[in-house]
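Engineer: Below is the file run16.txt, with compact mmCIF, C-alpha atoms.
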```
# COMPACT_ATOMS: atom_id res chain seq x y z
CA MET A 1210 79.75 124.54 117.80
CA LYS A 1211 79.70 122.47 120.97
CA LYS A 1212 81.20 123.98 124.08
CA GLY A 1213 83.40 122.36 126.72
CA LYS A 1214 86.98 121.25 127.03
CA ILE A 1215 88.31 119.39 124.01
CA SER A 1216 91.16 116.94 124.56
CA SER A 1217 94.54 118.14 123.32
CA TYR A 1218 94.84 114.92 121.29
CA VAL A 1219 91.72 115.85 119.32
CA VAL A 1220 93.01 119.41 118.85
CA LYS A 1221 96.33 118.04 117.53
CA ARG A 1222 94.49 115.97 114.90
CA MET A 1223 92.41 118.87 113.55
CA PRO A 1224 95.28 120.50 111.58
CA ARG A 1225 96.02 117.09 110.12
CA TYR A 1226 92.42 116.68 108.92
CA TYR A 1227 92.56 120.22 107.56
CA ARG A 1228 95.75 119.50 105.62
CA PHE A 1229 94.43 116.14 104.38
CA LEU A 1230 91.16 117.69 103.15
CA GLY A 1231 93.23 120.32 101.29
CA ASP A 1232 95.01 117.46 99.49
CA MET A 1233 91.61 115.87 98.70
CA ILE A 1234 90.39 119.10 97.11
CA GLU A 1235 93.56 119.27 94.98
CA GLU A 1236 92.89 115.69 93.88
CA GLY A 1237 89.36 116.70 92.85
CA GLU A 1238 87.47 114.74 95.51
CA ILE A 1239 83.99 116.07 96.32
CA LYS A 1240 82.64 113.66 98.95
CA ILE A 1241 84.43 111.51 101.49
CA SER A 1242 83.25 109.11 104.19
CA SER A 1243 84.63 108.90 107.71
CA GLY A 1244 85.72 105.36 106.82
CA GLU A 1245 87.78 106.61 103.89
CA ILE A 1246 89.31 109.45 105.95
CA ALA A 1247 90.21 106.88 108.61
CA ARG A 1248 91.73 104.47 106.08
CA ARG A 1249 93.89 107.17 104.48
CA LEU A 1250 95.05 108.62 107.82
CA LYS A 1251 95.46 105.23 109.54
CA LEU A 1252 92.85 106.03 112.18
CA THR A 1253 89.60 104.19 112.99
CA PRO A 1254 86.28 105.41 111.51
CA SER A 1255 84.78 105.81 114.99
CA GLN A 1256 87.76 107.94 116.06
CA VAL A 1257 87.22 110.25 113.07
CA ARG A 1258 83.48 110.53 113.79
CA GLN A 1259 84.12 111.14 117.49
CA ASP A 1260 86.72 113.81 116.71
CA PHE A 1261 84.31 115.66 114.42
CA ASN A 1262 81.50 115.30 116.94
CA CYS A 1263 83.56 117.14 119.56
CA PHE A 1264 83.07 120.27 117.51
CA GLY A 1265 79.49 119.81 116.38
CA GLU A 1266 77.69 118.10 113.53
CA PHE A 1267 79.22 117.83 110.09
CA GLY A 1268 77.62 115.99 107.18
CA MET A 1269 75.19 113.14 107.37
CA GLN A 1270 76.09 109.61 108.39
CA GLY A 1271 75.96 107.24 105.46
CA TYR A 1272 76.21 110.05 102.89
CA GLY A 1273 79.77 111.12 103.60
CA TYR A 1274 81.10 114.61 104.03
CA ASN A 1275 81.29 117.40 101.49
CA VAL A 1276 85.09 117.86 101.32
CA ILE A 1277 85.13 121.62 100.71
CA GLN A 1278 82.51 122.35 103.36
CA LEU A 1279 84.13 120.08 105.95
CA ARG A 1280 87.51 121.73 105.38
CA GLN A 1281 85.95 125.20 105.71
CA GLU A 1282 84.25 124.25 108.96
CA ILE A 1283 87.46 122.81 110.41
CA GLY A 1284 89.29 125.95 109.28
CA GLU A 1285 86.74 128.08 111.11
CA ILE A 1286 87.10 125.98 114.26
CA LEU A 1287 90.87 126.42 114.05
CA GLY A 1288 90.32 130.16 113.69
CA ILE A 1289 92.16 130.70 110.43
CA LYS A 1290 89.91 133.61 109.46
CA LYS A 1291 90.79 135.66 112.54
CA MET A 1292 94.26 136.56 111.23
CA SER A 1293 96.37 136.62 114.37
CA ARG A 1294 99.29 139.06 114.35
CA ALA A 1295 102.61 137.21 114.55
CA VAL A 1296 106.18 138.41 115.09
CA ILE A 1297 109.41 136.44 114.84
CA VAL A 1298 111.94 137.10 117.59
CA GLY A 1299 115.44 135.94 116.68
CA ALA A 1300 116.51 136.26 113.04
CA GLY A 1301 119.26 133.63 112.97
CA ASN A 1302 119.19 130.57 110.69
CA ILE A 1303 115.96 129.12 112.03
CA GLY A 1304 114.15 132.47 112.38
CA GLN A 1305 115.02 133.43 108.81
CA ALA A 1306 114.05 130.00 107.48
CA ILE A 1307 110.67 130.27 109.24
CA CYS A 1308 110.22 133.76 107.82
CA ASP A 1309 111.10 132.60 104.30
CA SER A 1310 109.28 129.25 104.25
CA ILE A 1311 106.17 129.22 106.40
CA SER A 1312 102.90 130.31 104.78
CA PHE A 1313 101.61 132.25 107.77
CA GLU A 1314 98.56 133.57 105.92
CA LYS A 1315 97.33 130.07 105.11
CA ARG A 1316 97.39 129.31 108.84
CA GLY A 1317 95.43 132.31 110.02
CA CYS A 1318 98.40 134.57 110.81
CA ARG A 1319 99.85 137.77 109.46
CA LEU A 1320 103.59 138.11 110.02
CA VAL A 1321 103.98 141.75 111.07
CA GLY A 1322 107.68 141.85 111.85
CA ILE A 1323 110.96 140.07 112.56
CA TYR A 1324 113.25 141.26 115.35
CA ASP A 1325 116.74 140.58 116.66
CA ASN A 1326 119.20 142.31 118.97
CA SER A 1327 122.33 141.66 116.93
CA PRO A 1328 123.69 144.70 115.04
CA GLU A 1329 124.97 142.42 112.24
CA ILE A 1330 121.47 141.11 111.58
CA ILE A 1331 119.36 144.25 112.11
CA GLY A 1332 118.55 145.85 108.76
CA LYS A 1333 118.83 142.61 106.80
CA ILE A 1334 116.13 142.03 104.16
CA VAL A 1335 114.38 138.67 104.60
CA GLY A 1336 111.17 136.87 103.60
CA GLU A 1337 110.34 134.82 100.50
CA HIS A 1338 109.89 138.00 98.46
CA GLY A 1339 112.15 140.24 100.57
CA GLU A 1340 109.09 141.74 102.23
CA HIS A 1341 110.57 142.05 105.74
CA GLN A 1342 113.49 143.93 107.22
CA VAL A 1343 114.92 142.75 110.54
CA LYS A 1344 114.40 145.40 113.23
CA GLY A 1345 115.85 145.85 116.71
CA MET A 1346 114.07 144.80 119.88
CA GLU A 1347 113.21 148.42 120.77
CA ALA A 1348 111.08 148.54 117.61
CA LEU A 1349 109.11 145.55 118.94
CA ALA A 1350 108.56 147.34 122.26
CA GLU A 1351 107.27 150.37 120.31
CA LEU A 1352 104.92 148.20 118.26
CA CYS A 1353 103.49 146.58 121.40
CA GLN A 1354 102.83 149.95 123.06
CA LYS A 1355 101.54 151.76 119.96
CA GLU A 1356 97.99 153.15 120.08
CA GLY A 1357 97.08 151.75 123.46
CA GLY A 1358 98.25 148.24 122.63
CA SER A 1359 95.99 147.78 119.61
CA HIS A 1360 98.99 146.52 117.59
CA LEU A 1361 100.07 144.02 120.24
CA PRO A 1362 101.10 140.78 118.49
CA ASP A 1363 98.91 137.77 119.26
CA LEU A 1364 101.89 135.48 119.12
CA ALA A 1365 105.68 135.50 119.01
CA VAL A 1366 107.76 132.89 117.18
CA ILE A 1367 110.77 132.41 119.45
CA CYS A 1368 113.94 131.49 117.54
CA VAL A 1369 116.65 132.67 119.94
CA SER A 1370 119.39 130.61 121.57
CA LYS A 1371 118.57 128.55 124.65
CA LYS A 1372 120.68 130.78 126.87
CA SER A 1373 118.84 133.99 125.93
CA ALA A 1374 115.40 132.32 125.79
CA ARG A 1375 114.40 133.03 129.40
CA SER A 1376 115.24 136.75 129.33
CA VAL A 1377 113.68 137.25 125.88
CA CYS A 1378 110.47 135.58 127.07
CA GLU A 1379 110.42 137.72 130.23
CA GLN A 1380 110.76 140.80 128.04
CA LEU A 1381 107.95 139.72 125.69
CA ILE A 1382 105.62 138.72 128.53
CA ALA A 1383 106.23 142.13 130.13
CA LEU A 1384 105.21 143.70 126.80
CA GLY A 1385 101.94 141.76 126.96
CA ILE A 1386 102.62 138.87 124.58
CA LYS A 1387 100.96 135.67 125.82
CA ASN A 1388 101.32 133.12 123.03
CA PHE A 1389 104.53 131.57 121.83
CA TRP A 1390 105.55 129.31 118.98
CA ASN A 1391 108.67 128.05 120.63
CA PHE A 1392 111.69 126.83 118.63
CA THR A 1393 114.12 127.05 121.56
CA GLN A 1394 115.12 124.26 123.90
CA PHE A 1395 113.75 126.26 126.81
CA ASP A 1396 110.33 125.13 128.11
CA ILE A 1397 108.44 128.45 128.28
CA ASN A 1398 105.30 126.95 129.85
CA LEU A 1399 107.28 125.31 132.67
CA HIS A 1400 108.75 128.65 133.72
CA PHE A 1401 105.92 131.16 133.25
CA ASP A 1402 102.26 131.02 134.24
CA ASP A 1403 99.39 132.21 132.05
CA VAL A 1404 101.26 131.73 128.83
CA ASN A 1405 100.39 129.41 125.99
CA ALA A 1406 103.31 127.77 124.22
CA GLU A 1407 103.38 125.42 121.27
CA ASN A 1408 106.78 123.78 121.39
CA VAL A 1409 108.80 122.61 118.40
CA HIS A 1410 111.60 120.82 120.21
CA LEU A 1411 113.68 119.80 117.20
CA GLY A 1412 116.39 118.16 119.31
CA ASP A 1413 113.81 116.02 121.13
CA SER A 1414 112.26 115.06 117.82
CA LEU A 1415 115.64 113.92 116.43
CA LEU A 1416 116.34 111.92 119.61
CA THR A 1417 112.96 110.16 119.29
CA LEU A 1418 113.90 109.12 115.76
CA VAL A 1419 117.36 107.98 116.91
CA TYR A 1420 115.71 105.85 119.64
CA ASN A 1421 113.40 104.21 117.10
CA ILE A 1422 116.25 103.54 114.66
CA ASN A 1423 118.35 101.86 117.34
CA ARG A 1424 115.45 99.86 118.75
CA ASN A 1425 114.57 98.56 115.27
CA ASN A 1426 118.22 97.66 114.66
CA CYS A 1427 118.32 95.71 117.93
CA GLU A 1428 115.11 93.86 117.11
CA ALA A 1429 116.40 92.95 113.64
CA LYS A 1430 119.50 91.24 115.10
CA MET B 904 117.14 96.90 130.08
CA LYS B 905 113.61 95.50 130.05
CA LYS B 906 112.25 94.13 126.81
CA GLY B 907 108.81 94.57 125.30
CA LYS B 908 106.92 97.30 123.53
CA ILE B 909 107.24 100.72 125.15
CA SER B 910 104.40 103.16 124.57
CA SER B 911 105.17 105.97 122.16
CA TYR B 912 104.13 108.47 124.86
CA VAL B 913 106.89 107.21 127.15
CA VAL B 914 109.39 107.29 124.27
CA LYS B 915 108.43 110.91 123.52
CA ARG B 916 109.13 111.90 127.14
CA MET B 917 112.61 110.36 127.27
CA PRO B 918 114.33 113.13 125.22
CA ARG B 919 112.65 115.65 127.50
CA TYR B 920 114.07 113.95 130.62
CA TYR B 921 117.44 113.78 128.89
CA ARG B 922 117.39 117.52 128.10
CA PHE B 923 116.13 118.41 131.57
CA LEU B 924 118.88 116.38 133.25
CA GLY B 925 121.45 118.17 131.07
CA ASP B 926 120.12 121.46 132.47
CA MET B 927 120.37 120.05 136.03
CA ILE B 928 124.02 119.14 135.46
CA GLU B 929 124.73 122.68 134.19
CA GLU B 930 123.07 124.03 137.34
CA GLY B 931 125.37 121.84 139.45
CA GLU B 932 122.69 119.45 140.78
CA ILE B 933 124.01 116.04 141.87
CA LYS B 934 120.92 114.19 143.13
CA ILE B 935 117.28 114.57 142.23
CA SER B 936 114.11 112.79 143.36
CA SER B 937 111.30 111.63 141.07
CA GLY B 938 109.09 114.09 142.97
CA GLU B 939 111.36 117.00 142.08
CA ILE B 940 111.65 115.89 138.43
CA ALA B 941 107.85 115.68 138.32
CA ARG B 942 107.39 119.11 139.90
CA ARG B 943 109.80 120.78 137.49
CA LEU B 944 108.37 119.06 134.41
CA LYS B 945 104.73 119.34 135.54
CA LEU B 946 104.24 115.56 135.60
CA THR B 947 103.24 113.33 138.51
CA PRO B 948 105.94 111.52 140.55
CA SER B 949 104.34 108.15 139.82
CA GLN B 950 104.38 108.91 136.07
CA VAL B 951 108.11 109.69 136.26
CA ARG B 952 108.80 106.48 138.20
CA GLN B 953 106.66 104.42 135.83
CA ASP B 954 108.42 105.92 132.80
CA PHE B 955 111.85 105.06 134.17
CA ASN B 956 110.68 101.59 135.19
CA CYS B 957 109.75 100.84 131.56
CA PHE B 958 113.46 100.76 130.81
CA GLY B 959 114.79 99.09 133.93
CA GLU B 960 115.89 100.10 137.39
CA PHE B 961 117.53 103.46 138.02
CA GLY B 962 118.51 104.74 141.46
CA MET B 963 116.95 103.76 144.76
CA GLN B 964 113.54 104.90 145.93
CA GLY B 965 113.81 107.42 148.74
CA TYR B 966 117.44 108.26 147.92
CA GLY B 967 116.82 110.03 144.65
CA TYR B 968 118.67 109.61 141.41
CA ASN B 969 122.27 110.47 140.61
CA VAL B 970 121.74 113.12 137.91
CA ILE B 971 124.81 112.33 135.79
CA GLN B 972 124.27 108.58 135.91
CA LEU B 973 120.56 108.83 135.16
CA ARG B 974 121.23 111.06 132.16
CA GLN B 975 123.90 108.67 130.88
CA GLU B 976 121.54 105.72 131.18
CA ILE B 977 118.74 107.54 129.37
CA GLY B 978 121.26 108.57 126.68
CA GLU B 979 122.24 104.93 126.24
CA ILE B 980 118.60 103.89 125.97
CA LEU B 981 118.07 106.56 123.32
CA GLY B 982 121.12 105.22 121.49
CA ILE B 983 123.16 108.40 121.35
CA LYS B 984 126.45 106.49 121.41
CA LYS B 985 125.66 104.54 118.24
CA MET B 986 126.28 107.56 115.97
CA SER B 987 123.73 107.06 113.21
CA ARG B 988 124.72 108.39 109.79
CA ALA B 989 122.43 111.22 108.68
CA VAL B 990 122.00 113.05 105.37
CA ILE B 991 119.93 116.14 104.61
CA VAL B 992 117.96 115.99 101.37
CA GLY B 993 116.81 119.43 100.21
CA ALA B 994 119.14 122.38 100.85
CA GLY B 995 116.61 125.22 100.74
CA ASN B 996 115.93 127.55 103.68
CA ILE B 997 114.86 124.87 106.13
CA GLY B 998 117.49 122.31 105.05
CA GLN B 999 120.28 124.86 105.41
CA ALA B 1000 118.96 126.09 108.77
CA ILE B 1001 118.87 122.49 110.05
CA CYS B 1002 122.41 121.94 108.74
CA ASP B 1003 123.64 125.16 110.41
CA SER B 1004 121.76 124.94 113.71
CA ILE B 1005 121.15 121.38 114.85
CA SER B 1006 123.83 119.72 116.98
CA PHE B 1007 123.58 116.31 115.34
CA GLU B 1008 126.53 114.86 117.29
CA LYS B 1009 124.88 115.60 120.63
CA ARG B 1010 121.88 113.56 119.49
CA GLY B 1011 123.75 110.48 118.37
CA CYS B 1012 124.07 111.39 114.69
CA ARG B 1013 126.85 112.27 112.30
CA LEU B 1014 125.77 114.47 109.41
CA VAL B 1015 127.58 112.93 106.44
CA GLY B 1016 126.17 115.08 103.63
CA ILE B 1017 123.61 117.51 102.30
CA TYR B 1018 122.04 117.02 98.87
CA ASP B 1019 119.82 118.88 96.46
CA ASN B 1020 118.90 118.65 92.79
CA SER B 1021 118.96 122.36 92.01
CA PRO B 1022 122.01 123.55 90.00
CA GLU B 1023 121.87 126.94 91.79
CA ILE B 1024 122.28 125.29 95.19
CA ILE B 1025 124.73 122.46 94.37
CA GLY B 1026 128.26 123.48 95.33
CA LYS B 1027 127.17 125.94 98.01
CA ILE B 1028 129.16 125.84 101.27
CA VAL B 1029 126.95 125.37 104.33
CA GLY B 1030 127.13 124.30 107.99
CA GLU B 1031 127.91 126.28 111.11
CA HIS B 1032 131.63 126.22 110.27
CA GLY B 1033 131.26 125.83 106.50
CA GLU B 1034 132.03 122.13 106.86
CA HIS B 1035 129.58 120.90 104.21
CA GLN B 1036 129.18 121.44 100.50
CA VAL B 1037 125.81 120.75 98.89
CA LYS B 1038 126.09 117.84 96.44
CA GLY B 1039 123.77 116.56 93.73
CA MET B 1040 121.40 113.64 94.20
CA GLU B 1041 123.62 111.33 92.10
CA ALA B 1042 126.33 111.77 94.76
CA LEU B 1043 123.85 110.47 97.35
CA ALA B 1044 123.10 107.43 95.18
CA GLU B 1045 126.84 106.77 94.94
CA LEU B 1046 127.25 107.08 98.72
CA CYS B 1047 124.42 104.59 99.33
CA GLN B 1048 125.91 102.02 96.95
CA LYS B 1049 129.55 102.47 97.96
CA GLU B 1050 131.40 99.43 99.37
CA GLY B 1051 128.43 97.09 99.39
CA GLY B 1052 126.17 99.55 101.18
CA SER B 1053 128.38 100.02 104.23
CA HIS B 1054 128.03 103.81 103.92
CA LEU B 1055 124.22 103.71 103.65
CA PRO B 1056 122.79 106.55 105.76
CA ASP B 1057 120.71 105.44 108.73
CA LEU B 1058 118.39 108.40 108.30
CA ALA B 1059 117.51 111.15 105.85
CA VAL B 1060 116.31 114.60 106.91
CA ILE B 1061 113.70 115.48 104.28
CA CYS B 1062 113.48 119.23 103.59
CA VAL B 1063 112.05 119.28 100.07
CA SER B 1064 108.82 120.85 98.87
CA LYS B 1065 105.55 119.00 99.38
CA LYS B 1066 105.16 118.41 95.66
CA SER B 1067 108.52 116.66 95.27
CA ALA B 1068 108.32 114.82 98.61
CA ARG B 1069 106.74 111.64 97.28
CA SER B 1070 109.20 111.09 94.43
CA VAL B 1071 112.21 112.00 96.61
CA CYS B 1072 111.08 109.49 99.24
CA GLU B 1073 110.56 106.81 96.57
CA GLN B 1074 114.10 107.44 95.35
CA LEU B 1075 115.58 107.25 98.88
CA ILE B 1076 113.62 104.13 99.82
CA ALA B 1077 114.83 102.48 96.59
CA LEU B 1078 118.40 103.33 97.69
CA GLY B 1079 117.75 101.51 100.98
CA ILE B 1080 117.07 104.42 103.37
CA LYS B 1081 114.41 103.46 105.91
CA ASN B 1082 114.30 106.28 108.48
CA PHE B 1083 113.15 109.82 107.87
CA TRP B 1084 113.14 113.04 109.84
CA ASN B 1085 110.36 114.62 107.87
CA PHE B 1086 110.03 118.41 107.52
CA THR B 1087 107.65 118.23 104.55
CA GLN B 1088 103.87 118.37 104.64
CA PHE B 1089 103.76 114.94 103.04
CA ASP B 1090 102.98 112.03 105.42
CA ILE B 1091 105.72 109.53 104.50
CA ASN B 1092 104.44 106.79 106.82
CA LEU B 1093 100.92 106.95 105.36
CA HIS B 1094 102.24 106.29 101.86
CA PHE B 1095 105.05 103.78 102.34
CA ASP B 1096 105.26 100.58 104.38
CA ASP B 1097 108.27 99.52 106.44
CA VAL B 1098 109.55 103.03 106.92
CA ASN B 1099 109.98 104.92 110.15
CA ALA B 1100 109.21 108.64 110.02
CA GLU B 1101 109.44 111.28 112.70
CA ASN B 1102 107.30 114.14 111.47
CA VAL B 1103 107.92 117.82 112.15
CA HIS B 1104 104.73 119.25 110.69
CA LEU B 1105 105.44 122.95 111.25
CA GLY B 1106 102.19 124.07 109.62
CA ASP B 1107 100.14 121.77 111.85
CA SER B 1108 102.02 123.04 114.89
CA LEU B 1109 101.24 126.66 113.99
CA LEU B 1110 97.55 125.80 113.42
CA THR B 1111 97.37 124.16 116.86
CA LEU B 1112 98.70 127.37 118.40
CA VAL B 1113 96.24 129.47 116.38
CA TYR B 1114 93.37 127.28 117.61
CA ASN B 1115 94.44 127.71 121.24
CA ILE B 1116 94.83 131.50 120.83
CA ASN B 1117 91.34 131.84 119.38
CA ARG B 1118 89.75 129.52 121.92
CA ASN B 1119 91.32 131.46 124.80
CA ASN B 1120 90.14 134.73 123.25
CA CYS B 1121 86.59 133.35 123.00
CA GLU B 1122 86.65 132.14 126.62
CA ALA B 1123 87.93 135.51 127.81
CA LYS B 1124 85.00 137.33 126.21
```
Will you turn the file into structure tokens for me?

Structural biologist:
Amino acid sequence: MKKGKISSYVVKRMPRYYRFLGDMIEEGEIKISSGEIARRLKLTPSQVRQDFNCFGEFGMQGYGYNVIQLRQEIGEILGIKKMSRAVIVGAGNIGQAICDSISFEKRGCRLVGIYDNSPEIIGKIVGEHGEHQVKGMEALAELCQKEGGSHLPDLAVICVSKKSARSVCEQLIALGIKNFWNFTQFDINLHFDDVNAENVHLGDSLLTLVYNINRNNCEAK
Amino acid sequence: MKKGKISSYVVKRMPRYYRFLGDMIEEGEIKISSGEIARRLKLTPSQVRQDFNCFGEFGMQGYGYNVIQLRQEIGEILGIKKMSRAVIVGAGNIGQAICDSISFEKRGCRLVGIYDNSPEIIGKIVGEHGEHQVKGMEALAELCQKEGGSHLPDLAVICVSKKSARSVCEQLIALGIKNFWNFTQFDINLHFDDVNAENVHLGDSLLTLVYNINRNNCEAK
């Protein structure tokens, strides 16, 4: 694998290639060219080749890529075999929906717990197959400190309200958690240094759609 | 307001400015400079000024912006006063969580219904205050055709499984719906022309985080 800083735009496209190649395998495709990948994903062939070249050499030009092998290599680059330990913090509607719906294992994560501080929610059985029970925040602190920190979660999925987001993040950072999948409206990475946050700002996403709807309506008039 | 095509990167930043300015108002701020906005959002002052200039003239250089007025103007640009009609299609975990948690009204939308095709889910009472009842897909068809299409939803929030996504979208497009807030793994805009989709690819987002975790771990070693 090549070394050096890879642009965040390239990184953002890798999961999309990975997902697309999974669809190709389901459809029974064996080989695919960069041109065909580009056509299906509405990118340019040179962009696809350049993206893949950032990470090293896949396949042979003119012969196309072996779909299964290419997907495996992208999966390895993404790190899906490492099995990061994930916890969900905040077991309200969104936290429970994430717990019940997201295939963590397919994305290189093992969900090791779901935590909340509300007495009405603690003890509740959640998960697609009822495999998790919501625990209190003190149980998360215990997990983080257990056996010299060897159980420390690699990432926390933050599903708390905006007003408790800052204090919850402070608490988690103090426990040693550095990576956040952020579903709150609070910008973790603007307020704390040395943390890595992937933001899912649902409100911003809806506003972007609303803008595009209204702009298209104006243009149509 | 200036006319012409605005880059999608600028459009994506507008909801973030809007949210940030809401926080400023809560904190009691009255005036703010582009330099201060840039510092707090980790952008450059010239980027902030250029972004705002895409839409017209706000405030006076050197005097800073009036926070309330700036937020109102950005809100108008985003179209939050137009009140787009929204429906949720798919009332599983994610669909219900969206229905219960997202403040549609604050983002220029009115949620007019939630629909599913599963007999076990139809009839269920949902929403933060139990204000919605899940209806069948035939009720959505009726809504779209009612009074010469004057009730046609402006957007559909798609929360169905990947395997039913294509046929559900075909059905909605046939009913005249053109805008989608897409929570499925299916890329609506790659498969249909003349539709506008805002994608929330949660799996891709998690994979991006996993990549960054593993890369940082490698660099630390």

Engineer: Could you give me, as a ChimeraX atom specification, the residues within 8 Å of Lys1065 in chain B, counting all atoms listed in the file and dropping anything in the same chain fewer than 5 positions from it?

Structural biologist: /B:1087-1089

Engineer: Per residue of range 1352-1389 of chain A within 12 Å of range 1409-1427 of chain A, what are the shortest atom pair and its distance in Å to one decimal, counting all atoms listed in the file, with rows by chain and residue number, as a tab-separated table?

Structural biologist:
```
residue	atom	partner	partner_atom	distance
A:Val1366	CA	A:Val1409	CA	10.4
A:Ile1367	CA	A:Val1409	CA	10.1
A:Cys1368	CA	A:Val1409	CA	10.3
A:Lys1371	CA	A:His1410	CA	11.3
A:Phe1389	CA	A:Val1409	CA	10.5
```

Engineer: Using all atoms listed in the file, determine which residues lie at most 8 Å from Ser1004 in chain B, disregarding the query and same-chain residues fewer than 5 positions distant; provide the list as a short mmCIF file (atom, residue, chain, number, x, y, z; two decimals) with C-alpha atoms, in the coordinates of the input.

Structural biologist:
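Heads up, here's the output in out-v5.cif:
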```cif
data_model
loop_
_atom_site.label_atom_id
_atom_site.label_comp_id
_atom_site.auth_asym_id
_atom_site.auth_seq_id
_atom_site.Cartn_x
_atom_site.Cartn_y
_atom_site.Cartn_z
CA ASN A 1302 119.19 130.57 110.69
CA ILE A 1303 115.96 129.12 112.03
CA GLY B 1030 127.13 124.30 107.99
CA GLU B 1031 127.91 126.28 111.11
#
```

Engineer: Where's the centre, and what are the edge lengths in Å to one decimal, of a box along x, y and z enclosing all listed atoms of range 1299-1311 of chain A padded 6 Å per side, as JSON?

Structural biologist:
```
{"center_x": 112.7, "center_y": 132.7, "center_z": 110.5, "size_x": 25.1, "size_y": 19.1, "size_z": 24.4}
```

Engineer: Pick from B:Asn969, B:Ser949, B:Ser911, B:Ser1021: nearest to chain A, with all atoms listed in the file counted?

Structural biologist: B:Ser911

Engineer: Quick one: residues within 7 Å of (112.1, 97.8, 105.3) (file frame), counting all atoms listed in the file, please, as a compact mmCIF listing (two decimals) with C-alpha atoms, keeping the file's coordinate frame.

Structural biologist:
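In the end it all went to result.txt:
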```
# COMPACT_ATOMS: atom_id res chain seq x y z
CA LYS B 1081 114.41 103.46 105.91
CA ASP B 1097 108.27 99.52 106.44
CA VAL B 1098 109.55 103.03 106.92
```

Engineer: Go ahead and compute the interatomic distance for CA of Ile983 in chain B and CA of Ala1059 in chain B, in Å to one decimal.

Structural biologist: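 Computing the Euclidean distance for CA of Ile983 in chain B and CA of Ala1059 in chain B yields 16.7 Å.
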
Engineer: Work out how far apart CA of Val1015 in chain B and CA of Pro1056 in chain B are and give it in Å to one decimal.

Structural biologist: 8.0 Å

Engineer: Considering only C-alpha atoms, can you say which of A:Ser1359, A:Ser1216, A:Gln1256, A:Gln1342 comes closest to chain B?

Structural biologist: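 Using only C-alpha atoms, the shortest distance to chain B belongs to A:Ser1216.
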
Engineer: Of the residues B:Ile909, B:Leu924, B:Ala1100, B:Val970, which is the one nearest to chain A, using only C-alpha atoms?

Structural biologist: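 Among the listed residues, B:Ala1100 lies closest to chain A.
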
Engineer: Quick one: pull the distance between CA of Glu1356 in chain A and CA of Val1369 in chain A, Å, one decimal.

Structural biologist: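 One can read the CA of Glu1356 in chain A to CA of Val1369 in chain A distance as 27.7 Å.
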
Engineer: Would you kindly return, as number ranges by chain, each protein, DNA or RNA residue with an atom no farther than 10 Å from any atom of Ile933 in chain B, considering all atoms listed in the file and excluding same-chain residues fewer than 6 positions away?

Structural biologist: B: 927, 967-972

Engineer: Find the residue from A:Leu1384, A:Phe1261, A:Glu1379, A:Ile1330 that sits nearest to Asp1402 in chain A; use all atoms listed in the file when measuring.

Structural biologist: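 With all atoms listed in the file as the atom set, the closest residue is A:Glu1379.
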
Engineer: Near Gly1039 in chain B, within 9 Å and counting all atoms listed in the file, which residues show up once chain neighbours fewer than 6 positions away are dropped, as a ChimeraX atom specification?

Structural biologist: /B:1017-1022,1024-1026

Engineer: Between A:Leu1287, A:Ala1350, A:Ile1386, A:Leu1279, single out the one closest to chain B, counting all atoms listed in the file.

Structural biologist: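 Smallest separation from chain B among the options: A:Leu1287.
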
Engineer: So, with only C-alpha atoms as the atoms that count, which of B:Glu1008, B:Glu976, B:Glu1023, B:Asp1003 lies closest to Tyr920 in chain B?

Structural biologist: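 Once distances to Tyr920 in chain B are computed over only C-alpha atoms, the minimum belongs to B:Glu976.
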